[in-house]
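**Q** Below is one structure. I have some questions about it.
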Amino acid sequence: MSDAPFDLLIRGGNVIDGTGAPAVRADVALRGGRIAEIGRPEGSAKHVIEAAGLMVAPGFIDVHAHDDAAVLSTPMDFKLMQGVTTDIVGNCGAGVAPVEPGSGPSIPGADIVLGPLPEPSWRTFGEYMDAVDEAHPAINVGCLVPHGAVRAHSLGLAPRAPDDRELAAMRDDVAEGMAAGALGLSTGLIYPPGIFARTEEIIALNRAVSEHGGVYVSHIRDEAGGLLEAVAEAVRIGREGGTPVQISHHKASGRSNRGKTAESIAYIEAQRAAGLDVTFDVYPYTAASTVLAVMRRAPEALDPNEVLVASCREKREYEGKTIAQIAQMLDLPPDDAMDRVLAEEPGATAIFFIMDETDVRRVLSHPLCMIGSDGLPSPTGKPHPRLYGTFARVLGTYVRQERLLTLEEAVRKMTSLPARRFRLLERGELREGWCADIVVFDPERVEDVATYQDPRRYPVGIEWVIVNGQVAAERGTQTPARAGRVVRRDRRD
Ligand code: CU
Ligand code: ZN
């Protein structure tokens, strides 16, 4: 046994505490998974990281992840190597619990978004969270109760309102997850079965979230022509359900809606002035990604040059090609080419170049905005590069190159802002006694290198990632450490 007073010493770096305060030169000493001292700690450590010239920051929190299944079965390298130490899963209403054993996936087709689904060893949402803990993920995991899974548990995919008994059962499922430490309730109101839910149903469920101090998180009903009405619906659900509101991946979708985030943000600011706690998140790209069939149904016609097939398991040669290119390949009109892709693979996913840079910048730079990758962890195809690149892209492109944000402000959006929003205690800031989730990165080099054609590439410049005091990645290589755990609302563990 070594008698060194510290487990790990990070020496000579510039410490960004996560609150937005300016970086200061300091050493950071860790012991027992916590931050023991920041400043000039006296005494030796078993391991030393030389961080001169590097930034030392709280580990990043990805507020919008779809890794519900991936955290059980993958090393989570695509997040960890970006500096992410905590993932928030269960977004867009999609998830893997609650479920009846042996009845198949909780939402038919959920694997399109979530990747391969394991045979569940759980029934309730709380049991799912326990299963995540038992799987010893490489990063921490916070969980939102997914409305779609809750609804499917009571009504399947029935396109109607629940009766009183069904609504009571849904409410019980939500309350069970919240009591077990879930962070809130998420909806995905463009996807079945969330699309079938009326506002009143969600308000009723949100009251159970309110009783536990959770957040209402929504992929809102319309991000295009009906953006403002859809934000207003989310706000109403928060107001009448008694919770704060988080608008997921806030955007204005489609050419004719360019600039609309100016109005949506003004509306959100007015709601806040009136006392309602509304925040939002974003991924730093002008392209969206989701199920092709869902976007096909949207009212605004898709430009075949602006739709790139990401995953088509039955016809791999379509992956990485635009609908225009596939149309040319098949000698078909673009609409027919799109139908052909969907006929081959109804669950094909695609990337849609439908946002304007001005809107992305406006949302990203707003003080209420957090960072969420919305990465879809498909093991095959060419996923949107946000899965691997989001956090490094904010730091490389929008901080260093474009100076849209200061480094301290960007880090705040990735750390203390989400930790406070989701009530993750003693995380999201570098403070003595708090959990040692830390990223050490090079501000001059940090950059995403994942592209639309070659998306599975780790960023550069993320030098060390520490999860609960253990080194989880070192100079671009993941270690065998599996120090992550489920982070529950308002709990100090
Ligand atoms: Cu999502
Ligand atoms: Zn979504």
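Starting from 1 in every chain, residues are counted up; chains themselves are A, B, ... following the order of the structure tokens, and ligands are numbered from 1 as listed.
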For region 366-373 of chain A, list every protein, DNA or RNA residue within 8 Å, evaluated using only C-alpha atoms, and leave out those in the same chain fewer than 6 positions away; present the list as a PyMOL selection string.

**A** chain A and resi 61-65+249+279-283+386-387+390-391+413-414+417-418

**Q** Excluding Lys315 (chain A) and its own-chain neighbours fewer than 4 positions away, which residues fall within 9 Å of it when counting only C-alpha atoms? Please give them as number ranges by chain.

**A** A: 311, 319, 341, 344-345

**Q** Skip region 180-196 of chain A itself and residues of its chain fewer than 5 positions away, then list as a PyMOL selection string all residues within 6 Å of it, counting only C-alpha atoms.

**A** chain A and resi 91-93+126+143-148+157+159+214-221+422+488-489

**Q** Using only C-alpha atoms and all ligand atoms, find the one residue out of A:Thr406, A:Ser289, A:Gln470, A:Gln246 that sits nearest to ligand 1.

**A**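 Ranked by minimum distance to ligand 1, first place goes to A:Ser289.
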
**Q** Tell me, as a count of residues only, which residues lie within 9 Å of Glu50 (chain A), counting only C-alpha atoms; anything in the same chain fewer than 3 positions away does not count.

**A** 6

**Q** Can you list, as a list in words, every protein, DNA or RNA residue that comes within 10 Å of Pro333 (chain A) when you count only C-alpha atoms, leaving out same-chain residues fewer than 5 positions away?

**A**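 Result of the neighbour search: Pro304, Ile323, Ala324, Ile326, Ala327, Gln328 and Met338 of chain A.
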
**Q** Could you dump the residues just selected with N, CA and C atoms as a PDB file, in the first residue's frame?

**A**
```pdb
ATOM      1  N   PRO A 304     -33.992  16.542 -52.409  1.00  0.00           N
ATOM      2  CA  PRO A 304     -33.240  15.275 -52.507  1.00  0.00           C
ATOM      3  C   PRO A 304     -31.725  15.447 -52.349  1.00  0.00           C
ATOM      4  N   ILE A 323     -30.351  11.299 -51.496  1.00  0.00           N
ATOM      5  CA  ILE A 323     -31.485  10.784 -52.283  1.00  0.00           C
ATOM      6  C   ILE A 323     -31.277  11.139 -53.759  1.00  0.00           C
ATOM      7  N   ALA A 324     -30.716  12.316 -54.035  1.00  0.00           N
ATOM      8  CA  ALA A 324     -30.447  12.697 -55.426  1.00  0.00           C
ATOM      9  C   ALA A 324     -29.474  11.715 -56.077  1.00  0.00           C
ATOM     10  N   ILE A 326     -28.930   8.593 -55.148  1.00  0.00           N
ATOM     11  CA  ILE A 326     -29.577   7.282 -55.274  1.00  0.00           C
ATOM     12  C   ILE A 326     -30.552   7.307 -56.459  1.00  0.00           C
ATOM     13  N   ALA A 327     -31.230   8.436 -56.630  1.00  0.00           N
ATOM     14  CA  ALA A 327     -32.152   8.577 -57.755  1.00  0.00           C
ATOM     15  C   ALA A 327     -31.412   8.409 -59.082  1.00  0.00           C
ATOM     16  N   GLN A 328     -30.231   8.997 -59.152  1.00  0.00           N
ATOM     17  CA  GLN A 328     -29.433   8.891 -60.369  1.00  0.00           C
ATOM     18  C   GLN A 328     -28.965   7.444 -60.588  1.00  0.00           C
ATOM     19  N   MET A 338     -36.746   7.754 -52.922  1.00  0.00           N
ATOM     20  CA  MET A 338     -36.957   7.774 -51.469  1.00  0.00           C
ATOM     21  C   MET A 338     -37.872   6.609 -51.063  1.00  0.00           C
TER      22      MET A 338
END
```

**Q** Would you please give, as JSON, numbers by chain, all residues of region 29-159 of chain A that DSSP assigns to helix (DSSP H, G or I) based on the backbone?

**A** {"A": [70, 71, 72, 73, 77, 78, 79, 80, 91, 92, 93, 110, 111, 112, 113, 114, 125, 126, 127, 128, 129, 130, 131, 132, 133, 134, 147, 148, 149, 150, 151, 152, 153, 154, 155]}

**Q** Quick one: write out the picked residues with N, CA, C and O atoms as a short mmCIF file (atom, residue, chain, number, x, y, z; two decimals), in the first residue's frame?

**A**
```cif
data_model
loop_
_atom_site.label_atom_id
_atom_site.label_comp_id
_atom_site.auth_asym_id
_atom_site.auth_seq_id
_atom_site.Cartn_x
_atom_site.Cartn_y
_atom_site.Cartn_z
N ALA A 70 -27.05 1.26 -25.36
CA ALA A 70 -25.59 1.26 -25.53
C ALA A 70 -24.85 1.26 -24.20
O ALA A 70 -23.79 0.63 -24.07
N VAL A 71 -25.38 1.93 -23.18
CA VAL A 71 -24.67 1.96 -21.89
C VAL A 71 -24.61 0.57 -21.24
O VAL A 71 -23.77 0.33 -20.38
N LEU A 72 -25.50 -0.31 -21.67
CA LEU A 72 -25.51 -1.67 -21.10
C LEU A 72 -24.51 -2.58 -21.80
O LEU A 72 -24.08 -3.57 -21.23
N SER A 73 -24.18 -2.28 -23.03
CA SER A 73 -23.47 -3.28 -23.83
C SER A 73 -22.25 -2.76 -24.59
O SER A 73 -21.57 -3.55 -25.23
N ASP A 77 -17.23 4.44 -25.89
CA ASP A 77 -16.06 5.17 -26.34
C ASP A 77 -16.44 6.44 -27.11
O ASP A 77 -15.79 7.48 -26.97
N PHE A 78 -17.51 6.38 -27.89
CA PHE A 78 -17.88 7.54 -28.73
C PHE A 78 -18.25 8.75 -27.89
O PHE A 78 -18.14 9.88 -28.37
N LYS A 79 -18.67 8.56 -26.66
CA LYS A 79 -18.95 9.69 -25.78
C LYS A 79 -17.74 10.02 -24.92
O LYS A 79 -17.34 11.18 -24.81
N LEU A 80 -17.19 9.00 -24.32
CA LEU A 80 -16.06 9.21 -23.41
C LEU A 80 -14.92 9.98 -24.09
O LEU A 80 -14.34 10.90 -23.52
N ASN A 91 -34.31 10.08 -23.93
CA ASN A 91 -34.82 11.27 -24.60
C ASN A 91 -35.81 10.96 -25.72
O ASN A 91 -35.92 9.84 -26.19
N CYS A 92 -36.52 12.00 -26.14
CA CYS A 92 -37.46 11.93 -27.27
C CYS A 92 -38.55 10.89 -27.04
O CYS A 92 -39.10 10.34 -28.00
N GLY A 93 -38.83 10.60 -25.78
CA GLY A 93 -39.88 9.62 -25.47
C GLY A 93 -39.48 8.18 -25.69
O GLY A 93 -40.25 7.27 -25.42
N ALA A 110 -37.96 0.74 -31.68
CA ALA A 110 -37.06 1.58 -30.88
C ALA A 110 -35.60 1.35 -31.24
O ALA A 110 -34.76 2.23 -31.07
N ASP A 111 -35.30 0.16 -31.75
CA ASP A 111 -33.90 -0.14 -32.08
C ASP A 111 -33.38 0.73 -33.22
O ASP A 111 -32.17 0.88 -33.38
N ILE A 112 -34.27 1.33 -34.01
CA ILE A 112 -33.82 2.22 -35.09
C ILE A 112 -33.05 3.39 -34.49
O ILE A 112 -32.02 3.81 -35.00
N VAL A 113 -33.57 3.92 -33.39
CA VAL A 113 -32.94 5.07 -32.75
C VAL A 113 -31.89 4.63 -31.72
O VAL A 113 -30.83 5.23 -31.61
N LEU A 114 -32.18 3.56 -30.99
CA LEU A 114 -31.35 3.20 -29.84
C LEU A 114 -30.27 2.18 -30.16
O LEU A 114 -29.44 1.87 -29.30
N PHE A 125 -39.10 0.99 -14.67
CA PHE A 125 -38.02 1.91 -15.00
C PHE A 125 -36.92 1.88 -13.93
O PHE A 125 -35.74 1.92 -14.23
N GLY A 126 -37.34 1.78 -12.68
CA GLY A 126 -36.36 1.70 -11.60
C GLY A 126 -35.47 0.48 -11.74
O GLY A 126 -34.26 0.53 -11.50
N GLU A 127 -36.06 -0.64 -12.17
CA GLU A 127 -35.26 -1.85 -12.37
C GLU A 127 -34.30 -1.68 -13.54
O GLU A 127 -33.18 -2.21 -13.51
N TYR A 128 -34.74 -0.95 -14.56
CA TYR A 128 -33.81 -0.66 -15.66
C TYR A 128 -32.61 0.15 -15.15
O TYR A 128 -31.46 -0.15 -15.47
N MET A 129 -32.87 1.15 -14.32
CA MET A 129 -31.75 1.96 -13.79
C MET A 129 -30.80 1.08 -12.98
O MET A 129 -29.57 1.23 -13.07
N ASP A 130 -31.35 0.15 -12.21
CA ASP A 130 -30.48 -0.77 -11.45
C ASP A 130 -29.64 -1.62 -12.40
O ASP A 130 -28.47 -1.88 -12.13
N ALA A 131 -30.25 -2.04 -13.52
CA ALA A 131 -29.51 -2.86 -14.49
C ALA A 131 -28.35 -2.06 -15.09
O ALA A 131 -27.27 -2.61 -15.35
N VAL A 132 -28.57 -0.76 -15.30
CA VAL A 132 -27.47 0.07 -15.83
C VAL A 132 -26.34 0.12 -14.81
O VAL A 132 -25.17 -0.06 -15.15
N ASP A 133 -26.68 0.31 -13.55
CA ASP A 133 -25.65 0.32 -12.49
C ASP A 133 -24.87 -0.99 -12.50
O ASP A 133 -23.64 -1.01 -12.43
N GLU A 134 -25.62 -2.10 -12.60
CA GLU A 134 -24.97 -3.42 -12.53
C GLU A 134 -24.09 -3.69 -13.75
O GLU A 134 -23.17 -4.50 -13.69
N HIS A 147 -41.78 8.88 -22.22
CA HIS A 147 -43.23 8.82 -22.36
C HIS A 147 -43.68 7.76 -23.36
O HIS A 147 -44.68 7.07 -23.16
N GLY A 148 -42.95 7.62 -24.46
CA GLY A 148 -43.34 6.65 -25.49
C GLY A 148 -43.38 5.22 -24.94
O GLY A 148 -44.30 4.46 -25.22
N ALA A 149 -42.37 4.88 -24.15
CA ALA A 149 -42.32 3.54 -23.57
C ALA A 149 -43.43 3.36 -22.53
O ALA A 149 -44.05 2.30 -22.44
N VAL A 150 -43.69 4.42 -21.76
CA VAL A 150 -44.75 4.36 -20.76
C VAL A 150 -46.11 4.18 -21.45
O VAL A 150 -46.94 3.36 -21.05
N ARG A 151 -46.30 4.92 -22.53
CA ARG A 151 -47.57 4.84 -23.25
C ARG A 151 -47.75 3.47 -23.88
O ARG A 151 -48.80 2.83 -23.79
N ALA A 152 -46.67 2.98 -24.52
CA ALA A 152 -46.74 1.67 -25.17
C ALA A 152 -47.01 0.57 -24.14
O ALA A 152 -47.68 -0.42 -24.43
N HIS A 153 -46.51 0.76 -22.93
CA HIS A 153 -46.71 -0.23 -21.87
C HIS A 153 -48.19 -0.38 -21.54
O HIS A 153 -48.67 -1.47 -21.22
N SER A 154 -48.95 0.71 -21.64
CA SER A 154 -50.38 0.65 -21.31
C SER A 154 -51.28 0.51 -22.53
O SER A 154 -52.32 -0.13 -22.47
N LEU A 155 -50.90 1.13 -23.66
CA LEU A 155 -51.81 1.19 -24.82
C LEU A 155 -51.21 0.60 -26.09
O LEU A 155 -51.83 0.69 -27.14
#
```

**Q** Could you give me, as a CSV table (one decimal) with N, CA and C atoms, in the first residue's frame, the residues within 7 Å of Asp448 (chain A), counting only C-alpha atoms and dropping anything in the same chain fewer than 4 positions from it?

**A**
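Final output, saved to out-v5.csv:
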```
chain,number,residue,atom,x,y,z
A,389,GLY,N,-18.6,13.7,-32.3
A,389,GLY,CA,-17.9,15.0,-32.4
A,389,GLY,C,-18.5,16.2,-31.7
A,392,ALA,N,-16.4,18.3,-28.9
A,392,ALA,CA,-15.1,18.9,-29.4
A,392,ALA,C,-15.4,19.9,-30.5
A,393,ARG,N,-16.5,19.8,-31.2
A,393,ARG,CA,-16.9,20.7,-32.2
A,393,ARG,C,-17.2,22.1,-31.6
A,459,PRO,N,-12.5,12.7,-31.5
A,459,PRO,CA,-11.9,14.0,-31.6
A,459,PRO,C,-10.4,14.0,-31.3
A,460,VAL,N,-9.7,15.1,-31.6
A,460,VAL,CA,-8.3,15.3,-31.1
A,460,VAL,C,-8.3,16.3,-30.0
```

**Q** For ligand 1, which residue among A:Ser248, A:Thr261, A:Ser44, A:Ser416 is the nearest when counting only C-alpha atoms and all ligand atoms?

**A**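 For ligand 1, the nearest of the candidates is A:Ser248.
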